[in-house]
$ cat upload30.cif   # mmCIF, C-alpha atoms
data_upload
loop_
_atom_site.group_PDB
_atom_site.id
_atom_site.type_symbol
_atom_site.label_atom_id
_atom_site.label_comp_id
_atom_site.auth_asym_id
_atom_site.auth_seq_id
_atom_site.Cartn_x
_atom_site.Cartn_y
_atom_site.Cartn_z
ATOM 1 C CA MET Z 18 22.009 24.073 -331.454
ATOM 2 C CA ASN Z 19 24.652 26.090 -329.592
ATOM 3 C CA THR Z 20 28.225 24.956 -329.751
ATOM 4 C CA PRO Z 21 30.810 25.424 -327.004
ATOM 5 C CA ALA Z 22 32.437 28.009 -329.277
ATOM 6 C CA ASP Z 23 29.186 30.016 -329.339
ATOM 7 C CA ASP Z 24 29.009 29.922 -325.553
ATOM 8 C CA LYS Z 25 32.639 30.953 -325.344
ATOM 9 C CA ARG Z 26 32.000 33.946 -327.601
ATOM 10 C CA LEU Z 27 29.015 35.024 -325.547
ATOM 11 C CA GLU Z 28 31.042 34.787 -322.349
ATOM 12 C CA GLU Z 29 33.892 36.821 -323.835
ATOM 13 C CA ASN Z 30 31.552 39.503 -325.160
ATOM 14 C CA ALA Z 31 29.720 39.741 -321.851
ATOM 15 C CA LYS Z 32 32.976 39.941 -319.881
ATOM 16 C CA ALA Z 33 34.387 42.627 -322.183
ATOM 17 C CA LEU Z 34 31.234 44.749 -321.930
ATOM 18 C CA PHE Z 35 31.130 44.363 -318.166
ATOM 19 C CA ASP Z 36 34.816 45.293 -317.750
ATOM 20 C CA ASP Z 37 34.258 48.297 -319.992
ATOM 21 C CA SER Z 38 31.320 49.461 -317.866
ATOM 22 C CA VAL Z 39 33.447 49.051 -314.724
ATOM 23 C CA ALA Z 40 36.211 51.152 -316.266
ATOM 24 C CA ARG Z 41 33.704 53.880 -317.206
ATOM 25 C CA LEU Z 42 32.388 54.436 -313.673
ATOM 26 C CA ASP Z 43 32.212 58.191 -313.100
ATOM 27 C CA ALA Z 44 34.166 60.177 -310.529
ATOM 28 C CA ALA Z 45 31.157 60.779 -308.293
ATOM 29 C CA THR Z 46 30.522 57.041 -308.002
ATOM 30 C CA LEU Z 47 34.183 56.286 -307.305
ATOM 31 C CA SER Z 48 34.161 58.949 -304.603
ATOM 32 C CA LYS Z 49 31.123 57.359 -302.954
ATOM 33 C CA LEU Z 50 32.741 53.934 -303.100
ATOM 34 C CA ASN Z 51 35.858 55.358 -301.492
ATOM 35 C CA GLN Z 52 33.779 56.880 -298.686
ATOM 36 C CA SER Z 53 31.987 53.567 -298.136
ATOM 37 C CA ARG Z 54 35.326 51.780 -297.930
ATOM 38 C CA GLN Z 55 36.642 54.268 -295.368
ATOM 39 C CA VAL Z 56 33.520 53.757 -293.246
ATOM 40 C CA ALA Z 57 34.062 49.998 -293.340
ATOM 41 C CA VAL Z 58 37.756 50.258 -292.455
ATOM 42 C CA ALA Z 59 36.898 52.657 -289.621
ATOM 43 C CA GLU Z 60 34.819 49.838 -288.139
ATOM 44 C CA LEU Z 61 38.088 48.055 -287.393
ATOM 45 C CA ALA Z 62 39.691 51.077 -285.771
ATOM 46 C CA ASP Z 63 36.624 51.554 -283.573
ATOM 47 C CA ASP Z 64 36.747 48.016 -282.220
ATOM 48 C CA SER Z 65 36.799 49.081 -278.553
ATOM 49 C CA PRO Z 66 35.387 46.964 -275.663
ATOM 50 C CA ALA Z 67 32.633 49.552 -275.097
ATOM 51 C CA ARG Z 68 31.508 49.011 -278.679
ATOM 52 C CA HIS Z 69 31.322 45.269 -278.042
ATOM 53 C CA TRP Z 70 28.991 45.952 -275.092
ATOM 54 C CA LEU Z 71 26.886 48.310 -277.207
ATOM 55 C CA ARG Z 72 26.394 45.521 -279.728
ATOM 56 C CA TRP Z 73 24.889 43.355 -276.981
ATOM 57 C CA MET Z 74 22.537 46.089 -275.760
ATOM 58 C CA PRO Z 75 19.475 45.032 -277.793
ATOM 59 C CA ALA Z 76 19.845 41.397 -276.684
ATOM 60 C CA THR Z 77 20.317 42.490 -273.084
ATOM 61 C CA GLY Z 78 17.200 44.665 -273.268
ATOM 62 C CA VAL Z 79 15.100 41.822 -274.648
ATOM 63 C CA ALA Z 80 16.408 39.419 -271.990
ATOM 64 C CA THR Z 81 15.603 41.908 -269.216
ATOM 65 C CA ALA Z 82 12.105 42.534 -270.553
ATOM 66 C CA THR Z 83 11.479 38.772 -270.774
ATOM 67 C CA LEU Z 84 12.667 38.273 -267.204
ATOM 68 C CA VAL Z 85 10.433 41.062 -265.913
ATOM 69 C CA ALA Z 86 7.466 39.650 -267.823
ATOM 70 C CA ILE Z 87 8.029 36.174 -266.349
ATOM 71 C CA VAL Z 88 8.273 37.572 -262.817
ATOM 72 C CA VAL Z 89 5.121 39.664 -263.243
ATOM 73 C CA LEU Z 90 3.100 36.835 -264.783
ATOM 74 C CA ARG Z 91 4.136 34.242 -262.199
ATOM 75 C CA GLY Z 92 3.437 36.538 -259.254
ATOM 76 C CA PRO Z 93 5.167 36.431 -255.849
ATOM 77 C CA ALA Z 94 6.990 33.288 -254.761
ATOM 78 C CA PRO Z 95 5.016 30.846 -252.532
ATOM 79 C CA THR Z 96 5.670 31.114 -248.791
ATOM 80 C CA ASP Z 97 5.288 28.684 -245.872
ATOM 81 C CA VAL Z 98 2.590 30.825 -244.242
ATOM 82 C CA PRO Z 99 -0.863 29.231 -244.757
ATOM 83 C CA ILE Z 100 -3.042 31.281 -247.073
ATOM 84 C CA ALA Z 101 -6.771 31.897 -246.933
ATOM 85 C CA SER Z 102 -7.833 28.843 -248.911
ATOM 86 C CA ASP Z 103 -5.928 26.440 -246.642
ATOM 87 C CA PRO Z 104 -8.566 26.143 -243.822
ATOM 88 C CA THR Z 105 -10.931 24.293 -246.147
ATOM 89 C CA ILE Z 106 -8.259 21.710 -246.887
ATOM 90 C CA THR Z 107 -7.294 21.526 -243.212
ATOM 91 C CA ASP Z 108 -10.923 20.978 -242.116
ATOM 92 C CA PHE Z 109 -11.326 18.306 -244.742
ATOM 93 C CA GLU Z 110 -8.193 16.529 -243.513
ATOM 94 C CA ILE Z 111 -9.437 16.674 -239.927
ATOM 95 C CA LEU Z 112 -12.829 15.237 -240.876
ATOM 96 C CA MET Z 113 -11.197 12.429 -242.849
ATOM 97 C CA GLY Z 114 -8.825 11.589 -240.007
ATOM 98 C CA GLU Z 115 -9.123 8.560 -237.670
ATOM 99 C CA ASP Z 116 -10.293 10.712 -234.745
ATOM 100 C CA ALA Z 117 -13.124 12.290 -236.707
ATOM 101 C CA LEU Z 118 -15.888 10.059 -235.373
ATOM 102 C CA GLU Z 119 -14.802 10.559 -231.745
ATOM 103 C CA MET Z 120 -14.703 14.293 -232.319
ATOM 104 C CA ILE Z 121 -18.226 14.319 -233.738
ATOM 105 C CA GLU Z 122 -19.474 12.225 -230.774
ATOM 106 C CA GLU Z 123 -17.898 14.630 -228.279
ATOM 107 C CA LEU Z 124 -18.866 17.762 -230.157
ATOM 108 C CA GLU Z 125 -20.713 19.169 -227.103
ATOM 109 C CA PHE Z 126 -17.611 18.770 -224.970
ATOM 110 C CA TYR Z 127 -15.442 20.631 -227.446
ATOM 111 C CA SER Z 128 -18.037 23.377 -227.728
ATOM 112 C CA TRP Z 129 -18.130 23.753 -223.934
ATOM 113 C CA ILE Z 130 -14.345 23.816 -223.595
ATOM 114 C CA SER Z 131 -13.937 26.509 -226.238
ATOM 115 C CA ILE Z 132 -16.561 28.701 -224.482
ATOM 116 C CA ALA Z 133 -14.807 28.103 -221.170
ATOM 117 C CA ASP Z 134 -11.495 29.167 -222.702
ATOM 118 C CA LEU Z 135 -13.010 32.383 -223.975
ATOM 119 C CA GLU Z 136 -14.599 33.203 -220.624
ATOM 120 C CA SER Z 137 -11.393 32.561 -218.709
ATOM 121 C CA ALA Z 138 -9.528 34.798 -221.136
ATOM 122 C CA ASP Z 139 -12.072 37.571 -220.529
ATOM 123 C CA ASN Z 140 -11.666 37.181 -216.759
ATOM 124 C CA VAL Z 141 -7.921 37.447 -216.986
ATOM 125 C CA GLY Z 142 -8.160 40.584 -219.172
ATOM 126 C CA MET L 8 60.832 45.648 -258.758
ATOM 127 C CA ASN L 9 62.650 44.094 -261.702
ATOM 128 C CA ALA L 10 59.817 41.609 -262.115
ATOM 129 C CA GLY L 11 57.300 44.475 -262.293
ATOM 130 C CA ALA L 12 59.362 46.280 -264.915
ATOM 131 C CA GLY L 13 59.602 43.053 -266.899
ATOM 132 C CA VAL L 14 55.829 42.564 -266.857
ATOM 133 C CA PHE L 15 55.345 46.196 -267.940
ATOM 134 C CA ALA L 16 57.817 45.726 -270.803
ATOM 135 C CA VAL L 17 56.081 42.538 -271.972
ATOM 136 C CA SER L 18 52.714 44.306 -271.771
ATOM 137 C CA CYS L 19 53.959 47.258 -273.845
ATOM 138 C CA SER L 20 55.548 44.938 -276.373
ATOM 139 C CA ARG L 21 52.301 42.980 -276.705
ATOM 140 C CA GLU L 22 50.326 46.192 -277.221
ATOM 141 C CA GLN L 23 52.759 47.308 -279.931
ATOM 142 C CA THR L 24 52.424 43.924 -281.663
ATOM 143 C CA THR L 25 48.639 44.081 -281.417
ATOM 144 C CA GLY L 26 48.629 47.647 -282.758
ATOM 145 C CA ALA L 27 50.859 46.680 -285.670
ATOM 146 C CA GLN L 28 48.655 43.699 -286.443
ATOM 147 C CA ALA L 29 45.552 45.902 -286.355
ATOM 148 C CA LEU L 30 47.185 48.386 -288.716
ATOM 149 C CA GLN L 31 48.226 45.578 -291.032
ATOM 150 C CA ARG L 32 44.668 44.205 -290.974
ATOM 151 C CA GLU L 33 43.221 47.633 -291.816
ATOM 152 C CA ARG L 34 45.573 47.952 -294.780
ATOM 153 C CA GLN L 35 44.695 44.481 -296.001
ATOM 154 C CA LEU L 36 40.983 45.187 -295.740
ATOM 155 C CA ASN L 37 41.317 48.553 -297.472
ATOM 156 C CA GLN L 38 43.262 46.966 -300.322
ATOM 157 C CA PHE L 39 40.805 44.112 -300.669
ATOM 158 C CA LEU L 40 37.775 46.404 -300.742
ATOM 159 C CA ALA L 41 39.457 48.725 -303.254
ATOM 160 C CA GLU L 42 39.993 45.729 -305.538
ATOM 161 C CA VAL L 43 36.418 44.429 -305.443
ATOM 162 C CA GLU L 44 34.297 47.548 -304.931
ATOM 163 C CA ARG L 45 33.834 48.585 -308.584
ATOM 164 C CA ARG L 46 32.871 45.172 -309.884
ATOM 165 C CA ALA L 47 30.713 44.616 -306.808
ATOM 166 C CA LEU L 48 28.869 47.866 -307.499
ATOM 167 C CA ARG L 49 28.223 46.961 -311.139
ATOM 168 C CA ILE L 50 27.044 43.476 -310.128
ATOM 169 C CA ALA L 51 24.683 45.010 -307.576
ATOM 170 C CA GLU L 52 23.486 47.589 -310.122
ATOM 171 C CA ILE L 53 22.646 44.882 -312.640
ATOM 172 C CA ALA L 54 20.833 42.886 -309.959
ATOM 173 C CA VAL L 55 18.711 45.727 -308.543
ATOM 174 C CA ARG L 56 18.757 48.188 -311.490
ATOM 175 C CA ASP L 57 19.129 51.143 -309.157
ATOM 176 C CA HIS L 58 22.417 53.023 -308.727
ATOM 177 C CA ASP L 59 21.830 54.428 -305.240
ATOM 178 C CA GLU L 60 20.393 51.203 -303.866
ATOM 179 C CA ALA L 61 23.380 49.330 -305.297
ATOM 180 C CA LEU L 62 25.763 51.744 -303.547
ATOM 181 C CA ASP L 63 23.971 51.147 -300.235
ATOM 182 C CA LEU L 64 24.104 47.387 -300.695
ATOM 183 C CA VAL L 65 27.846 47.459 -301.412
ATOM 184 C CA GLN L 66 28.516 49.692 -298.412
ATOM 185 C CA ASN L 67 26.501 47.391 -296.136
ATOM 186 C CA ALA L 68 28.420 44.383 -297.420
ATOM 187 C CA MET L 69 31.724 46.164 -296.746
ATOM 188 C CA ILE L 70 30.711 47.058 -293.190
ATOM 189 C CA LYS L 71 29.418 43.575 -292.390
ATOM 190 C CA LEU L 72 32.613 42.010 -293.683
ATOM 191 C CA ALA L 73 34.681 44.388 -291.549
ATOM 192 C CA ARG L 74 32.584 43.744 -288.447
ATOM 193 C CA ASN L 75 32.136 39.996 -288.632
ATOM 194 C CA TYR L 76 34.637 38.286 -290.890
ATOM 195 C CA VAL L 77 37.822 40.318 -290.921
ATOM 196 C CA ASP L 78 39.501 37.838 -288.573
ATOM 197 C CA ARG L 79 39.062 35.080 -291.151
ATOM 198 C CA PRO L 80 41.974 34.372 -293.536
ATOM 199 C CA SER L 81 42.073 37.030 -296.257
ATOM 200 C CA LYS L 82 41.759 34.413 -299.017
ATOM 201 C CA GLU L 83 38.223 33.710 -297.718
ATOM 202 C CA TRP L 84 37.187 37.361 -297.921
ATOM 203 C CA THR L 85 36.116 37.339 -301.582
ATOM 204 C CA PRO L 86 33.469 34.572 -301.343
ATOM 205 C CA LEU L 87 32.362 35.887 -297.936
ATOM 206 C CA PHE L 88 31.998 39.428 -299.260
ATOM 207 C CA TYR L 89 29.943 38.273 -302.223
ATOM 208 C CA ARG L 90 27.840 36.026 -300.027
ATOM 209 C CA ILE L 91 26.958 39.042 -297.869
ATOM 210 C CA LEU L 92 26.266 41.117 -300.983
ATOM 211 C CA GLN L 93 24.072 38.442 -302.584
ATOM 212 C CA ASN L 94 22.106 38.042 -299.336
ATOM 213 C CA GLY L 95 21.611 41.808 -299.285
ATOM 214 C CA ILE L 96 20.393 41.763 -302.888
ATOM 215 C CA ARG L 97 17.945 38.943 -302.140
ATOM 216 C CA ASP L 98 16.611 40.832 -299.107
ATOM 217 C CA TRP L 99 16.273 43.950 -301.253
ATOM 218 C CA HIS L 100 14.197 42.048 -303.827
ATOM 219 C CA ARG L 101 11.970 40.651 -301.057
ATOM 220 C CA ARG L 102 11.374 44.147 -299.669
ATOM 221 C CA GLN L 103 10.644 45.495 -303.159
ATOM 222 C CA PHE L 104 8.172 42.682 -303.759
ATOM 223 C CA VAL L 105 6.270 43.556 -300.567
ATOM 224 C CA ARG L 106 6.521 47.285 -301.290
ATOM 225 C CA ASN L 107 5.130 46.863 -304.807
ATOM 226 C CA LYS L 108 2.263 44.751 -303.472
ATOM 227 C CA VAL L 109 1.387 47.511 -300.993
ATOM 228 C CA MET L 110 1.710 50.212 -303.675
ATOM 229 C CA VAL L 111 -0.554 48.286 -306.037
ATOM 230 C CA PHE L 112 -3.049 47.834 -303.208
ATOM 231 C CA PHE L 113 -3.143 51.593 -302.611
ATOM 232 C CA GLY L 114 -3.351 52.309 -306.345
ATOM 233 C CA ARG L 115 0.153 53.655 -306.916
ATOM 234 C CA GLY L 116 2.523 52.448 -309.605
ATOM 235 C CA SER L 117 6.186 51.535 -309.350
ATOM 236 C CA ARG L 118 8.942 54.096 -308.937
ATOM 237 C CA ALA L 119 9.255 56.731 -311.644
ATOM 238 C CA GLU L 120 12.149 56.726 -314.106
ATOM 239 C CA PRO L 121 15.269 58.521 -312.826
ATOM 240 C CA ASP L 122 15.888 62.091 -313.931
ATOM 241 C CA TYR L 123 18.433 63.166 -316.512
ATOM 242 C CA ASP L 124 21.978 62.545 -315.232
ATOM 243 C CA PRO L 125 24.540 65.080 -316.557
ATOM 244 C CA ILE L 126 27.486 62.969 -315.346
ATOM 245 C CA ALA L 127 26.272 59.926 -317.258
ATOM 246 C CA ALA L 128 25.784 62.136 -320.330
ATOM 247 C CA ALA L 129 29.308 63.584 -320.158
ATOM 248 C CA PRO L 130 31.823 62.812 -322.974
ATOM 249 C CA ASP L 131 33.439 59.380 -322.882
ATOM 250 C CA PRO L 132 36.820 59.559 -321.070
ATOM 251 C CA ALA L 133 38.202 56.792 -323.350
ATOM 252 C CA GLY L 134 37.843 59.130 -326.326
ATOM 253 C CA ARG L 135 35.342 57.053 -328.303
ATOM 254 C CA THR L 136 32.985 58.635 -330.759
ATOM 255 C CA PRO L 137 29.369 59.132 -329.749
ATOM 256 C CA ASP L 138 28.351 56.303 -332.113
ATOM 257 C CA GLU L 139 30.800 53.876 -330.510
ATOM 258 C CA THR L 140 29.716 54.940 -327.062
ATOM 259 C CA LEU L 141 26.099 54.564 -328.056
ATOM 260 C CA GLN L 142 26.676 51.078 -329.457
ATOM 261 C CA ALA L 143 28.594 50.001 -326.357
ATOM 262 C CA GLY L 144 25.903 51.530 -324.170
ATOM 263 C CA GLN L 145 23.145 49.749 -326.059
ATOM 264 C CA ALA L 146 25.006 46.446 -325.906
ATOM 265 C CA ILE L 147 25.607 46.638 -322.154
ATOM 266 C CA ASP L 148 22.015 47.775 -321.615
ATOM 267 C CA LYS L 149 20.774 44.771 -323.556
ATOM 268 C CA LEU L 150 23.103 42.461 -321.669
ATOM 269 C CA GLU L 151 22.109 43.918 -318.281
ATOM 270 C CA LEU L 152 18.446 43.584 -319.131
ATOM 271 C CA ALA L 153 18.905 39.955 -320.140
ATOM 272 C CA ILE L 154 20.928 39.177 -317.003
ATOM 273 C CA GLY L 155 18.394 41.021 -314.860
ATOM 274 C CA ASN L 156 15.631 38.836 -316.269
ATOM 275 C CA LEU L 157 17.431 35.615 -315.318
ATOM 276 C CA PRO L 158 16.167 33.634 -312.329
ATOM 277 C CA THR L 159 17.966 34.741 -309.160
ATOM 278 C CA ARG L 160 20.275 31.748 -308.773
ATOM 279 C CA GLN L 161 21.239 31.729 -312.441
ATOM 280 C CA ARG L 162 21.978 35.445 -312.311
ATOM 281 C CA GLU L 163 24.152 35.025 -309.224
ATOM 282 C CA ALA L 164 26.071 32.111 -310.713
ATOM 283 C CA PHE L 165 26.667 33.903 -314.017
ATOM 284 C CA MET L 166 27.826 37.204 -312.518
ATOM 285 C CA LEU L 167 30.052 35.668 -309.856
ATOM 286 C CA ARG L 168 31.687 33.230 -312.282
ATOM 287 C CA MET L 169 31.941 35.506 -315.298
ATOM 288 C CA PHE L 170 32.207 39.069 -313.982
ATOM 289 C CA GLU L 171 33.974 38.535 -310.668
ATOM 290 C CA GLY L 172 35.961 35.572 -311.967
ATOM 291 C CA LEU L 173 35.345 33.329 -308.968
ATOM 292 C CA ASP L 174 36.056 29.632 -309.378
ATOM 293 C CA VAL L 175 33.311 27.056 -308.863
ATOM 294 C CA ALA L 176 34.222 26.397 -305.206
ATOM 295 C CA SER L 177 34.273 30.095 -304.257
ATOM 296 C CA THR L 178 31.037 30.706 -306.153
ATOM 297 C CA ALA L 179 29.431 27.836 -304.242
ATOM 298 C CA THR L 180 30.559 29.434 -300.959
ATOM 299 C CA ALA L 181 29.263 32.830 -302.051
ATOM 300 C CA MET L 182 25.913 31.393 -303.111
ATOM 301 C CA GLY L 183 25.610 28.983 -300.181
ATOM 302 C CA CYS L 184 25.031 25.929 -302.368
ATOM 303 C CA SER L 185 26.916 22.932 -303.780
ATOM 304 C CA GLN L 186 29.442 23.122 -306.604
ATOM 305 C CA GLY L 187 27.162 20.933 -308.725
ATOM 306 C CA SER L 188 24.351 23.462 -308.329
ATOM 307 C CA VAL L 189 26.684 26.268 -309.397
ATOM 308 C CA LYS L 190 27.573 24.408 -312.603
ATOM 309 C CA THR L 191 23.916 23.727 -313.356
ATOM 310 C CA HIS L 192 22.828 27.335 -312.703
ATOM 311 C CA TYR L 193 25.707 28.710 -314.769
ATOM 312 C CA SER L 194 25.032 26.409 -317.715
ATOM 313 C CA ARG L 195 21.332 27.288 -317.719
ATOM 314 C CA ALA L 196 22.172 31.005 -317.438
ATOM 315 C CA VAL L 197 24.405 30.883 -320.534
ATOM 316 C CA HIS L 198 21.722 28.994 -322.447
ATOM 317 C CA THR L 199 19.007 31.485 -321.437
ATOM 318 C CA LEU L 200 21.207 34.478 -322.266
ATOM 319 C CA ARG L 201 21.997 33.091 -325.697
ATOM 320 C CA GLU L 202 18.310 32.742 -326.441
ATOM 321 C CA ALA L 203 17.565 36.223 -325.100
ATOM 322 C CA LEU L 204 20.437 38.029 -326.852
ATOM 323 C CA GLY L 205 20.197 36.385 -330.237
ATOM 324 C CA GLU L 206 22.662 34.809 -332.613
ATOM 325 C CA HIS L 207 24.933 37.826 -333.154
ATOM 326 C CA TRP L 208 26.190 37.390 -329.605
#

$ encode --input "upload30.cif" --output "structure tokens"
Amino acid sequence: MNTPADDKRLEENAKALFDDSVARLDAATLSKLNQSRQVAVAELADDSPARHWLRWMPATGVATATLVAIVVLRGPAPTDVPIASDPTITDFEILMGEDALEMIEELEFYSWISIADLESADNVG
Amino acid sequence: MNAGAGVFAVSCSREQTTGAQALQRERQLNQFLAEVERRALRIAEIAVRDHDEALDLVQNAMIKLARNYVDRPSKEWTPLFYRILQNGIRDWHRRQFVRNKVMVFFGRGSRAEPDYDPIAAAPDPAGRTPDETLQAGQAIDKLELAIGNLPTRQREAFMLRMFEGLDVASTATAMGCSQGSVKTHYSRAVHTLREALGEHW
């Protein structure tokens, strides 16, 4: 069973050994630590606005790439001009309309009038 | 005209104040880092058992503190610095774990023992006899080995509380956990170390 005094002795021994090892750090190590510290302090001196922008460069690059990918995947924006698949829908709407039956009954008339239009256009040309 | 000169004078004065503040901040940071760097290096060395890796970890912690937290009050720097360092050490252990897995997969062992170091073998600057130096060296080696074998959180709590001398609140900030957890980890660490080091400790 460990007593608080035992724990205290262990802590004191450990602290003393650690402090001793810190004091015995060699000159080469201290020199490297000093260089590291100077590099860190130089970070403050080099705190220019351009550096702030450089820090955002990776994020900006990723955002741009994402935007380009979205644009490419979605394709061009839809326009008001009817596209090739629309006639099917338009024909369907015409057939389902109220005038559909009348149109079917007078199909010969519509056929004749379209031929007449074409002929008159040829004559004019 | 006078108004323009006044604005220019205020602008110059503000720049001088800002420059003086920046200089003051650099001095404060330099002083702080000089105070903690040696103990931080030894703590990192015990945690990763590699001198060069420990130096890199300390330098990274210094740079991250300077970049991200130097505007915080200087009394917060110590726990912040050690939090960065401990995160770096944890990341290092994760990378080593993956690296060792890969090495084992390809049939290679862990890293070879370091070569003979003439600086480490140089005479003791404190003037102790070789026997005394040897005994102290063996004792610290044994202690470092025992601390290195502790679970991560226990090791962090013990080194921050005992070696760096942080109080419970600062240790909790550095470890990113509650003060109760710090006390538990520390108590368990002392118990484990006592069992590992034997009665003569």

$ interface_residues --input "upload30.cif" --of "chain L" --to "chain Z" --cutoff "7 Å" --atoms "all atoms listed in the file" --output "PyMOL selection string"
chain L and resi 33+36-37+40+44-46+49+66+69-70+73-74+147+169-170+197+208

$ atom_distance --input "upload30.cif" --atom1 "atom CA of Glu83 of chain L" --atom2 "atom CA of Gln35 of chain L"
12.7 Å

$ atom_distance --input "upload30.cif" --atom1 "atom CA of His192 of chain L" --atom2 "atom CA of Leu64 of chain L"
23.4 Å

$ resolve_selection --input "upload30.cif" --expression "the PyMOL selection byres ((chain L and resi 55) around 12)" --output "number ranges by chain"
L: 48-54, 56-65, 92-93, 95-104, 151-152, 154-156, 159, 162

$ atom_distance --input "upload30.cif" --atom1 "atom CA of Gly172 of chain L" --atom2 "atom CA of Ile91 of chain L"
17.1 Å

$ closest_residue --input "upload30.cif" --among "L:Asn94, L:Glu42, L:Val105, L:Ala153" --to "Asn67 of chain L" --atoms "only C-alpha atoms"
L:Asn94

$ decode --input "upload30.cif" --residues "segment 67-111 of chain L" --atoms "C-alpha atoms" --output "compact mmCIF listing (two decimals), in the first residue's frame"
# COMPACT_ATOMS: atom_id res chain seq x y z
CA ASN L 67 6.02 23.18 -35.18
CA ALA L 68 4.34 24.00 -31.89
CA MET L 69 6.29 27.27 -31.68
CA ILE L 70 5.32 28.28 -35.22
CA LYS L 71 1.65 27.39 -34.76
CA LEU L 72 1.50 29.39 -31.54
CA ALA L 73 3.08 32.38 -33.28
CA ARG L 74 0.74 32.14 -36.26
CA ASN L 75 -2.56 31.46 -34.54
CA TYR L 76 -2.56 32.36 -30.87
CA VAL L 77 -0.11 35.18 -30.32
CA ASP L 78 -2.96 37.69 -30.08
CA ARG L 79 -4.35 35.85 -27.06
CA PRO L 80 -3.33 37.09 -23.58
CA SER L 81 0.20 35.92 -22.79
CA LYS L 82 -0.96 34.09 -19.64
CA GLU L 83 -2.87 31.69 -21.94
CA TRP L 84 0.21 30.89 -24.02
CA THR L 85 1.56 28.10 -21.81
CA PRO L 86 -1.52 25.81 -21.91
CA LEU L 87 -2.07 26.67 -25.58
CA PHE L 88 1.53 25.87 -26.47
CA TYR L 89 1.38 22.53 -24.69
CA ARG L 90 -1.97 21.73 -26.24
CA ILE L 91 -0.45 22.24 -29.69
CA LEU L 92 2.58 20.16 -28.71
CA GLN L 93 0.48 17.32 -27.28
CA ASN L 94 -1.69 17.28 -30.42
CA GLY L 95 1.49 17.08 -32.49
CA ILE L 96 2.76 14.18 -30.38
CA ARG L 97 -0.54 12.32 -30.74
CA ASP L 98 -0.48 12.83 -34.52
CA TRP L 99 3.12 11.61 -34.58
CA HIS L 100 2.14 8.41 -32.74
CA ARG L 101 -0.75 7.85 -35.18
CA ARG L 102 1.59 8.23 -38.16
CA GLN L 103 4.14 5.89 -36.56
CA PHE L 104 1.43 3.31 -35.94
CA VAL L 105 0.41 3.36 -39.62
CA ARG L 106 4.05 3.40 -40.75
CA ASN L 107 4.92 0.39 -38.60
CA LYS L 108 1.90 -1.50 -39.93
CA VAL L 109 3.06 -0.83 -43.50
CA MET L 110 6.66 -1.79 -42.66
CA VAL L 111 5.53 -5.04 -41.05
